[in-house]
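Q: As input, take final-v4.cif (mmCIF, C-alpha atoms):
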data_query
#
loop_
_atom_site.group_PDB
_atom_site.id
_atom_site.type_symbol
_atom_site.label_atom_id
_atom_site.label_comp_id
_atom_site.auth_asym_id
_atom_site.auth_seq_id
_atom_site.Cartn_x
_atom_site.Cartn_y
_atom_site.Cartn_z
ATOM 1 C CA MET A 7 114.918 144.704 100.191
ATOM 2 C CA ASN A 8 111.386 145.795 101.070
ATOM 3 C CA SER A 9 109.507 142.780 102.390
ATOM 4 C CA VAL A 10 105.851 142.270 101.468
ATOM 5 C CA LYS A 11 104.084 139.587 103.503
ATOM 6 C CA ASP A 12 103.460 136.324 101.709
ATOM 7 C CA ALA A 13 99.717 135.669 101.665
ATOM 8 C CA ILE A 14 99.520 133.909 98.276
ATOM 9 C CA TYR A 15 97.905 130.738 99.648
ATOM 10 C CA SER A 16 95.985 132.314 102.538
ATOM 11 C CA GLN A 17 92.578 131.933 100.847
ATOM 12 C CA PRO A 18 90.971 128.713 99.500
ATOM 13 C CA GLN A 19 91.681 128.430 95.782
ATOM 14 C CA GLN A 20 92.125 126.107 92.834
ATOM 15 C CA VAL A 21 95.830 125.416 93.291
ATOM 16 C CA GLY A 22 97.951 125.337 90.157
ATOM 17 C CA SER A 23 101.633 124.500 89.817
ATOM 18 C CA PHE A 24 104.018 126.834 91.636
ATOM 19 C CA THR A 25 105.767 129.364 89.390
ATOM 20 C CA PHE A 26 108.154 132.222 90.085
ATOM 21 C CA ASP A 27 105.745 134.838 88.725
ATOM 22 C CA HIS A 28 105.190 138.509 89.622
ATOM 23 C CA GLN A 29 103.150 137.531 92.685
ATOM 24 C CA VAL A 30 105.934 135.343 94.060
ATOM 25 C CA ALA A 31 108.649 137.858 93.175
ATOM 26 C CA GLU A 32 106.845 140.533 95.209
ATOM 27 C CA VAL A 33 106.718 138.463 98.407
ATOM 28 C CA PHE A 34 109.812 136.274 97.886
ATOM 29 C CA PRO A 35 112.021 137.664 100.705
ATOM 30 C CA ASP A 36 109.240 137.057 103.255
ATOM 31 C CA MET A 37 108.302 133.685 101.734
ATOM 32 C CA ILE A 38 111.828 132.286 101.740
ATOM 33 C CA GLN A 39 112.717 133.444 105.263
ATOM 34 C CA ARG A 40 109.499 132.005 106.714
ATOM 35 C CA SER A 41 109.802 128.764 104.744
ATOM 36 C CA VAL A 42 113.498 127.794 104.807
ATOM 37 C CA PRO A 43 115.132 127.371 108.230
ATOM 38 C CA GLY A 44 118.349 129.343 108.585
ATOM 39 C CA TYR A 45 118.007 130.993 105.178
ATOM 40 C CA MET A 46 119.876 134.201 106.042
ATOM 41 C CA THR A 47 122.596 132.178 107.764
ATOM 42 C CA ILE A 48 122.920 130.045 104.625
ATOM 43 C CA VAL A 49 123.171 133.099 102.366
ATOM 44 C CA ASP A 50 125.752 134.869 104.534
ATOM 45 C CA ASN A 51 127.900 131.743 104.809
ATOM 46 C CA ILE A 52 127.684 131.160 101.066
ATOM 47 C CA GLY A 53 129.076 134.676 100.709
ATOM 48 C CA GLN A 54 131.932 133.762 103.050
ATOM 49 C CA ILE A 55 132.667 130.558 101.129
ATOM 50 C CA CYS A 56 132.668 132.536 97.876
ATOM 51 C CA GLY A 57 135.179 134.894 99.459
ATOM 52 C CA LYS A 58 137.415 131.977 100.406
ATOM 53 C CA TYR A 59 137.406 130.206 97.028
ATOM 54 C CA ALA A 60 136.966 132.997 94.449
ATOM 55 C CA GLN A 61 140.103 133.236 92.333
ATOM 56 C CA PRO A 62 141.563 136.311 90.629
ATOM 57 C CA ASN A 63 140.490 136.802 86.995
ATOM 58 C CA SER A 64 137.640 134.316 87.308
ATOM 59 C CA LYS A 65 133.851 134.160 87.349
ATOM 60 C CA VAL A 66 131.407 133.354 90.142
ATOM 61 C CA PHE A 67 128.080 131.996 88.886
ATOM 62 C CA ASP A 68 124.878 132.282 90.935
ATOM 63 C CA LEU A 69 122.575 129.888 89.084
ATOM 64 C CA GLY A 70 118.939 130.482 89.965
ATOM 65 C CA CYS A 71 119.778 133.828 91.518
ATOM 66 C CA SER A 72 116.156 134.852 92.303
ATOM 67 C CA LEU A 73 116.397 138.369 93.801
ATOM 68 C CA GLY A 74 120.197 138.313 94.048
ATOM 69 C CA ALA A 75 120.754 137.604 97.756
ATOM 70 C CA VAL A 76 123.657 135.220 97.095
ATOM 71 C CA SER A 77 125.210 137.444 94.416
ATOM 72 C CA LEU A 78 125.151 140.387 96.819
ATOM 73 C CA ALA A 79 126.579 138.303 99.689
ATOM 74 C CA ALA A 80 129.357 137.052 97.411
ATOM 75 C CA SER A 81 130.133 140.598 96.330
ATOM 76 C CA LYS A 82 130.446 141.625 99.964
ATOM 77 C CA TYR A 83 133.044 138.976 100.801
ATOM 78 C CA ILE A 84 135.076 138.455 97.608
ATOM 79 C CA LYS A 85 138.477 140.163 97.727
ATOM 80 C CA ALA A 86 140.047 138.466 94.670
ATOM 81 C CA LYS A 87 140.930 140.918 91.908
ATOM 82 C CA ASN A 88 138.999 141.041 88.619
ATOM 83 C CA CYS A 89 136.316 138.589 89.734
ATOM 84 C CA GLN A 90 132.962 138.899 87.970
ATOM 85 C CA ILE A 91 129.722 137.689 89.566
ATOM 86 C CA ILE A 92 127.095 136.413 87.136
ATOM 87 C CA GLY A 93 123.544 135.763 88.329
ATOM 88 C CA VAL A 94 121.210 133.727 86.133
ATOM 89 C CA ASP A 95 117.467 133.142 86.468
ATOM 90 C CA ASN A 96 114.760 132.013 84.031
ATOM 91 C CA SER A 97 111.998 134.044 85.737
ATOM 92 C CA ALA A 98 111.540 137.462 84.110
ATOM 93 C CA PRO A 99 109.784 138.965 87.181
ATOM 94 C CA MET A 100 112.599 137.786 89.475
ATOM 95 C CA VAL A 101 115.295 139.099 87.132
ATOM 96 C CA GLU A 102 113.547 142.467 86.836
ATOM 97 C CA ARG A 103 113.514 142.929 90.610
ATOM 98 C CA CYS A 104 116.982 141.433 91.006
ATOM 99 C CA LYS A 105 118.493 143.987 88.646
ATOM 100 C CA ARG A 106 116.971 146.804 90.719
ATOM 101 C CA HIS A 107 118.407 145.349 93.933
ATOM 102 C CA VAL A 108 121.859 144.942 92.405
ATOM 103 C CA GLN A 109 121.864 148.467 90.956
ATOM 104 C CA GLY A 110 121.244 149.881 94.417
ATOM 105 C CA PHE A 111 124.212 148.021 95.919
ATOM 106 C CA LYS A 112 127.705 149.519 95.764
ATOM 107 C CA SER A 113 130.499 147.002 95.324
ATOM 108 C CA ASP A 114 133.994 146.609 93.896
ATOM 109 C CA ASN A 115 132.888 143.333 92.293
ATOM 110 C CA PRO A 116 130.727 143.758 89.178
ATOM 111 C CA ILE A 117 127.459 141.784 89.165
ATOM 112 C CA LYS A 118 125.817 140.873 85.868
ATOM 113 C CA ILE A 119 122.262 139.489 85.892
ATOM 114 C CA ILE A 120 121.117 137.344 82.965
ATOM 115 C CA HIS A 121 117.573 136.245 82.113
ATOM 116 C CA ASP A 122 117.969 132.731 80.714
ATOM 117 C CA HIS A 123 117.765 129.036 81.517
ATOM 118 C CA ILE A 124 120.913 127.851 83.255
ATOM 119 C CA GLN A 125 121.189 125.028 80.706
ATOM 120 C CA ASN A 126 122.005 127.706 78.094
ATOM 121 C CA ILE A 127 124.794 129.400 80.051
ATOM 122 C CA GLU A 128 128.405 128.802 79.046
ATOM 123 C CA LEU A 129 130.226 128.015 82.279
ATOM 124 C CA THR A 130 133.852 128.986 81.725
ATOM 125 C CA GLN A 131 136.668 130.276 83.925
ATOM 126 C CA ALA A 132 134.549 129.629 87.005
ATOM 127 C CA SER A 133 136.108 129.493 90.452
ATOM 128 C CA VAL A 134 132.760 129.273 92.277
ATOM 129 C CA VAL A 135 129.323 128.109 91.163
ATOM 130 C CA VAL A 136 126.340 128.437 93.497
ATOM 131 C CA MET A 137 122.991 126.675 93.171
ATOM 132 C CA ASN A 138 121.043 127.818 96.210
ATOM 133 C CA PHE A 139 117.790 125.778 96.192
ATOM 134 C CA THR A 140 117.803 125.668 92.390
ATOM 135 C CA LEU A 141 118.583 122.123 91.266
ATOM 136 C CA GLN A 142 115.401 120.845 92.974
ATOM 137 C CA PHE A 143 113.325 122.761 90.386
ATOM 138 C CA ILE A 144 115.124 121.178 87.416
ATOM 139 C CA ALA A 145 113.855 117.942 85.875
ATOM 140 C CA PRO A 146 115.613 114.999 87.583
ATOM 141 C CA GLU A 147 116.798 113.541 84.267
ATOM 142 C CA GLN A 148 118.708 116.785 83.522
ATOM 143 C CA ARG A 149 120.510 117.086 86.858
ATOM 144 C CA HIS A 150 123.514 114.862 86.171
ATOM 145 C CA THR A 151 124.285 116.722 82.922
ATOM 146 C CA ILE A 152 124.086 120.116 84.649
ATOM 147 C CA ILE A 153 126.363 119.057 87.504
ATOM 148 C CA ASP A 154 128.828 117.591 85.013
ATOM 149 C CA ARG A 155 128.844 120.850 83.017
ATOM 150 C CA ILE A 156 129.520 122.782 86.205
ATOM 151 C CA TYR A 157 132.417 120.487 87.086
ATOM 152 C CA GLN A 158 133.922 120.873 83.615
ATOM 153 C CA GLY A 159 133.575 124.679 83.802
ATOM 154 C CA LEU A 160 135.284 125.002 87.177
ATOM 155 C CA ARG A 161 138.959 125.767 87.503
ATOM 156 C CA PRO A 162 141.114 123.440 89.625
ATOM 157 C CA GLY A 163 140.521 124.411 93.241
ATOM 158 C CA GLY A 164 137.056 125.708 92.346
ATOM 159 C CA VAL A 165 133.890 124.800 94.217
ATOM 160 C CA LEU A 166 130.205 124.141 93.708
ATOM 161 C CA ILE A 167 128.014 125.309 96.594
ATOM 162 C CA LEU A 168 124.766 123.359 96.473
ATOM 163 C CA SER A 169 121.766 123.960 98.762
ATOM 164 C CA GLU A 170 118.764 121.674 98.433
ATOM 165 C CA LYS A 171 115.593 120.519 100.086
ATOM 166 C CA ILE A 172 116.097 116.776 100.460
ATOM 167 C CA LYS A 173 114.141 113.678 101.358
ATOM 168 C CA HIS A 174 115.172 110.968 103.804
ATOM 169 C CA THR A 175 115.836 107.408 102.698
ATOM 170 C CA SER A 176 113.078 105.958 104.912
ATOM 171 C CA ALA A 177 109.384 106.901 104.878
ATOM 172 C CA THR A 178 109.379 107.280 108.672
ATOM 173 C CA GLY A 179 112.382 109.591 108.640
ATOM 174 C CA ASN A 180 110.982 111.581 105.767
ATOM 175 C CA GLU A 181 107.653 112.159 107.524
ATOM 176 C CA LEU A 182 109.480 113.304 110.673
ATOM 177 C CA LEU A 183 111.448 115.904 108.700
ATOM 178 C CA ILE A 184 108.270 117.082 106.946
ATOM 179 C CA ASP A 185 106.427 117.373 110.267
ATOM 180 C CA LEU A 186 109.259 119.418 111.785
ATOM 181 C CA HIS A 187 109.353 121.684 108.751
ATOM 182 C CA HIS A 188 105.602 122.243 108.815
ATOM 183 C CA GLU A 189 105.791 123.168 112.498
ATOM 184 C CA PHE A 190 108.563 125.632 111.626
ATOM 185 C CA LYS A 191 106.202 127.234 109.098
ATOM 186 C CA ARG A 192 103.333 127.341 111.626
ATOM 187 C CA ARG A 193 105.562 129.153 114.092
ATOM 188 C CA ASN A 194 106.359 131.654 111.351
ATOM 189 C CA GLY A 195 102.678 132.472 110.916
ATOM 190 C CA TYR A 196 101.557 130.173 108.112
ATOM 191 C CA SER A 197 98.110 128.594 108.516
ATOM 192 C CA GLU A 198 97.259 124.952 107.881
ATOM 193 C CA LEU A 199 95.529 126.047 104.670
ATOM 194 C CA GLU A 200 98.615 127.894 103.454
ATOM 195 C CA ILE A 201 100.903 124.959 104.254
ATOM 196 C CA SER A 202 98.594 122.483 102.522
ATOM 197 C CA GLN A 203 98.006 124.575 99.399
ATOM 198 C CA LYS A 204 101.699 125.463 99.013
ATOM 199 C CA ARG A 205 102.607 121.782 99.320
ATOM 200 C CA SER A 206 100.096 120.935 96.573
ATOM 201 C CA ALA A 207 101.464 123.687 94.326
ATOM 202 C CA LEU A 208 105.010 122.365 94.671
ATOM 203 C CA GLU A 209 104.132 118.689 94.295
ATOM 204 C CA ASP A 210 104.837 118.417 90.556
ATOM 205 C CA VAL A 211 107.400 121.220 90.397
ATOM 206 C CA MET A 212 109.925 120.366 93.097
ATOM 207 C CA LYS A 213 111.287 116.814 92.923
ATOM 208 C CA THR A 214 113.661 116.277 95.836
ATOM 209 C CA ASP A 215 116.579 113.839 96.009
ATOM 210 C CA THR A 216 118.141 112.161 99.030
ATOM 211 C CA TYR A 217 121.470 113.460 100.288
ATOM 212 C CA GLU A 218 122.985 110.158 99.187
ATOM 213 C CA THR A 219 121.778 110.760 95.607
ATOM 214 C CA HIS A 220 123.370 114.216 95.586
ATOM 215 C CA LEU A 221 126.634 112.839 96.956
ATOM 216 C CA GLU A 222 126.738 110.042 94.376
ATOM 217 C CA ARG A 223 126.059 112.468 91.524
ATOM 218 C CA LEU A 224 128.765 114.886 92.673
ATOM 219 C CA THR A 225 131.397 112.176 93.025
ATOM 220 C CA GLN A 226 130.449 110.561 89.708
ATOM 221 C CA VAL A 227 131.271 113.737 87.769
ATOM 222 C CA GLY A 228 134.639 114.099 89.511
ATOM 223 C CA PHE A 229 134.306 116.094 92.739
ATOM 224 C CA THR A 230 136.681 114.490 95.234
ATOM 225 C CA ASP A 231 135.613 116.197 98.455
ATOM 226 C CA VAL A 232 132.042 117.087 99.477
ATOM 227 C CA ILE A 233 131.519 118.928 102.762
ATOM 228 C CA ARG A 234 128.023 119.113 104.211
ATOM 229 C CA TRP A 235 128.211 122.360 106.150
ATOM 230 C CA PHE A 236 124.544 123.101 106.925
ATOM 231 C CA SER A 237 121.616 120.869 107.778
ATOM 232 C CA CYS A 238 118.244 121.586 109.377
ATOM 233 C CA PHE A 239 115.171 119.381 108.961
ATOM 234 C CA ASN A 240 114.950 118.535 105.238
ATOM 235 C CA PHE A 241 117.245 121.356 104.098
ATOM 236 C CA THR A 242 120.962 121.057 103.550
ATOM 237 C CA SER A 243 123.894 122.838 101.929
ATOM 238 C CA MET A 244 127.179 121.363 100.807
ATOM 239 C CA VAL A 245 130.431 122.390 99.155
ATOM 240 C CA ALA A 246 131.937 120.178 96.454
ATOM 241 C CA ILE A 247 135.607 120.839 95.695
ATOM 242 C CA LYS A 248 137.338 120.255 92.365
ATOM 243 C CA THR A 249 140.882 119.449 93.415
ATOM 244 C CA SER A 250 142.502 119.153 89.976
#
Can you give me the file's structure in the form of structure tokens?
A:
Amino acid sequence: MNSVKDAIYSQPQQVGSFTFDHQVAEVFPDMIQRSVPGYMTIVDNIGQICGKYAQPNSKVFDLGCSLGAVSLAASKYIKAKNCQIIGVDNSAPMVERCKRHVQGFKSDNPIKIIHDHIQNIELTQASVVVMNFTLQFIAPEQRHTIIDRIYQGLRPGGVLILSEKIKHTSATGNELLIDLHHEFKRRNGYSELEISQKRSALEDVMKTDTYETHLERLTQVGFTDVIRWFSCFNFTSMVAIKTS
């Protein structure tokens, strides 16, 4: 993917709510790598986990697929026969670019990209479902229903891979994680203005949960084993296994 430098918030402006529009789609690879610690490691390992749990004659769903990084990583590692990868995103600009990226990638595993809200997708015959920093952009009151639908759509032995920005249970701990993350962004070339304006843009769009809230939600719908396999600052990724 060609990477255009993210300079969206580099100039003083009237900051509106963050949206995945054409401007964001153009700079997304640079934005995500400079904003999320270990992003490429997360994506590659999600691909490996997909390869481990993808079942023959099943579907792998990448919900909130953005530009298709996870779908492409999954395609690289999945060896199960007749396994279809389905990427879903509700941003037309992201889907447009994603389709171009996928078309330029040769793979034995077919990848289908759908422009729609994930709430509208029928999740059936799934062996793997991935939500890589997606659930945090969905209204909190809808999250339990979505996770339950995913659980019901998974085959026995299937998994949900869930990456999220989280908040700590204490104010002191939460501020520490935020401070460390902001320093990470400074070291990746973001100015104080960019950090401040981006934070304002996300304030009403991204509502984070604690890890404990995620764990409770996953176990409530039926997942019996949740493995937290990545954690850095206020970012984490986990695998929830449906055993039966």
Q: Decode the PyMOL selection byres ((chain A and resi 27-36) around 6) for the given file into explicit residues and return them as a list in words.
A: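 Selected by the PyMOL selection byres ((chain A and resi 27-36) around 6) in this file: Ser9, Val10, Lys11, Asp12, Thr25, Phe26, Met37, Ile38, Gln39, Pro99 and Met100 of chain A.
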Q: Residues picked by the PyMOL selection byres ((chain A and resi 180-189) around 10) here, as a list in words?
A: Ser41, Val42, Pro43, Ile172, Lys173, His174, Thr175, Ser176, Ala177, Thr178, Gly179, Phe190, Lys191, Arg192, Arg193, Asn194, Gly195, Tyr196, Ser197, Glu198, Ile201, Ser202, Arg205, Thr216, Cys238, Phe239, Asn240 and Phe241 of chain A
Q: Considering only C-alpha atoms, can you say which of A:Ile127, A:Ile48, A:Met137, A:Val21 comes closest to Ser72 in chain A?
A: A:Met137
Q: Would you pick out the contacts of Asp122 in chain A at 9 Å or less, using only C-alpha atoms, so that residues sharing its chain but fewer than 3 positions from it are not included, and give the list as a count of residues only?
A: 8
Q: Check the smallest atom-to-atom distance from each of A:Gln203, A:Arg234, A:Lys65, A:Pro18 to Glu218 in chain A using all atoms listed in the file, then report the winner.
A: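 Checking each of A:Gln203, A:Arg234, A:Lys65, A:Pro18 against Glu218 in chain A, counting all atoms listed in the file, the winner is A:Arg234.
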Q: Measuring between all atoms listed in the file, which one of A:Phe67, A:Tyr157, A:Tyr217, A:Phe143 shows the shortest distance to Ala246 in chain A?
A: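 When distances to Ala246 in chain A are compared using all atoms listed in the file, the smallest one comes from A:Tyr157.
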Q: What gap, in Å, lies between CA of Asp215 in chain A and CA of Ile152 in chain A?
A: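 These atoms are spaced 15.0 Å apart.
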Q: Starting from the incomplete input, reconstruct all heavy atoms of range 49-60 of chain A and write that as a tab-separated table (two decimals), keeping the file's coordinate frame.
A:
chain	number	residue	atom	x	y	z
A	49	VAL	N	122.74	132.10	103.35
A	49	VAL	CA	123.17	133.10	102.37
A	49	VAL	C	124.47	133.78	102.80
A	49	VAL	O	125.41	133.92	102.00
A	49	VAL	CB	122.06	134.15	102.13
A	49	VAL	CG1	122.60	135.34	101.33
A	49	VAL	CG2	120.89	133.52	101.39
A	50	ASP	N	124.54	134.19	104.05
A	50	ASP	CA	125.75	134.87	104.53
A	50	ASP	C	126.96	133.94	104.47
A	50	ASP	O	128.05	134.36	104.07
A	50	ASP	CB	125.55	135.37	105.96
A	50	ASP	CG	126.76	136.16	106.45
A	50	ASP	OD1	126.98	137.28	105.94
A	50	ASP	OD2	127.49	135.67	107.34
A	51	ASN	N	126.78	132.69	104.85
A	51	ASN	CA	127.90	131.74	104.81
A	51	ASN	C	128.29	131.38	103.38
A	51	ASN	O	129.48	131.13	103.11
A	51	ASN	CB	127.57	130.49	105.61
A	51	ASN	CG	127.80	130.69	107.11
A	51	ASN	OD1	128.90	130.52	107.60
A	51	ASN	ND2	126.75	131.09	107.81
A	52	ILE	N	127.33	131.34	102.47
A	52	ILE	CA	127.68	131.16	101.07
A	52	ILE	C	128.57	132.31	100.61
A	52	ILE	O	129.56	132.11	99.90
A	52	ILE	CB	126.42	131.05	100.18
A	52	ILE	CG1	125.72	129.71	100.41
A	52	ILE	CG2	126.78	131.22	98.69
A	52	ILE	CD1	124.41	129.55	99.67
A	53	GLY	N	128.23	133.52	101.02
A	53	GLY	CA	129.08	134.68	100.71
A	53	GLY	C	130.49	134.49	101.23
A	53	GLY	O	131.47	134.78	100.53
A	54	GLN	N	130.61	134.00	102.46
A	54	GLN	CA	131.93	133.76	103.05
A	54	GLN	C	132.71	132.70	102.28
A	54	GLN	O	133.91	132.83	102.04
A	54	GLN	CB	131.78	133.34	104.51
A	54	GLN	CG	131.25	134.44	105.42
A	54	GLN	CD	131.19	133.99	106.87
A	54	GLN	OE1	132.17	133.52	107.42
A	54	GLN	NE2	130.02	134.12	107.47
A	55	ILE	N	132.01	131.63	101.89
A	55	ILE	CA	132.67	130.56	101.13
A	55	ILE	C	133.11	131.08	99.76
A	55	ILE	O	134.20	130.75	99.28
A	55	ILE	CB	131.73	129.34	101.00
A	55	ILE	CG1	131.43	128.75	102.37
A	55	ILE	CG2	132.36	128.27	100.11
A	55	ILE	CD1	130.30	127.73	102.40
A	56	CYS	N	132.28	131.91	99.14
A	56	CYS	CA	132.67	132.54	97.88
A	56	CYS	C	133.94	133.36	98.07
A	56	CYS	O	134.86	133.32	97.23
A	56	CYS	CB	131.55	133.43	97.35
A	56	CYS	SG	130.11	132.55	96.70
A	57	GLY	N	134.00	134.09	99.17
A	57	GLY	CA	135.18	134.89	99.46
A	57	GLY	C	136.43	134.05	99.62
A	57	GLY	O	137.53	134.47	99.22
A	58	LYS	N	136.28	132.87	100.18
A	58	LYS	CA	137.42	131.98	100.41
A	58	LYS	C	137.92	131.35	99.11
A	58	LYS	O	139.14	131.19	98.91
A	58	LYS	CB	137.01	130.88	101.40
A	58	LYS	CG	138.13	129.87	101.71
A	58	LYS	CD	137.66	128.88	102.76
A	58	LYS	CE	138.73	127.80	103.02
A	58	LYS	NZ	139.97	128.37	103.58
A	59	TYR	N	137.01	130.99	98.20
A	59	TYR	CA	137.41	130.21	97.03
A	59	TYR	C	137.45	130.99	95.71
A	59	TYR	O	137.96	130.48	94.71
A	59	TYR	CB	136.47	129.01	96.87
A	59	TYR	CG	136.74	127.92	97.88
A	59	TYR	CD1	135.97	127.81	99.04
A	59	TYR	CD2	137.78	127.02	97.69
A	59	TYR	CE1	136.23	126.83	99.98
A	59	TYR	CE2	138.05	126.02	98.63
A	59	TYR	CZ	137.27	125.94	99.77
A	59	TYR	OH	137.53	124.97	100.71
A	60	ALA	N	136.92	132.20	95.68
A	60	ALA	CA	136.97	133.00	94.45
A	60	ALA	C	138.41	133.29	94.07
A	60	ALA	O	139.20	133.73	94.90
A	60	ALA	CB	136.18	134.29	94.62
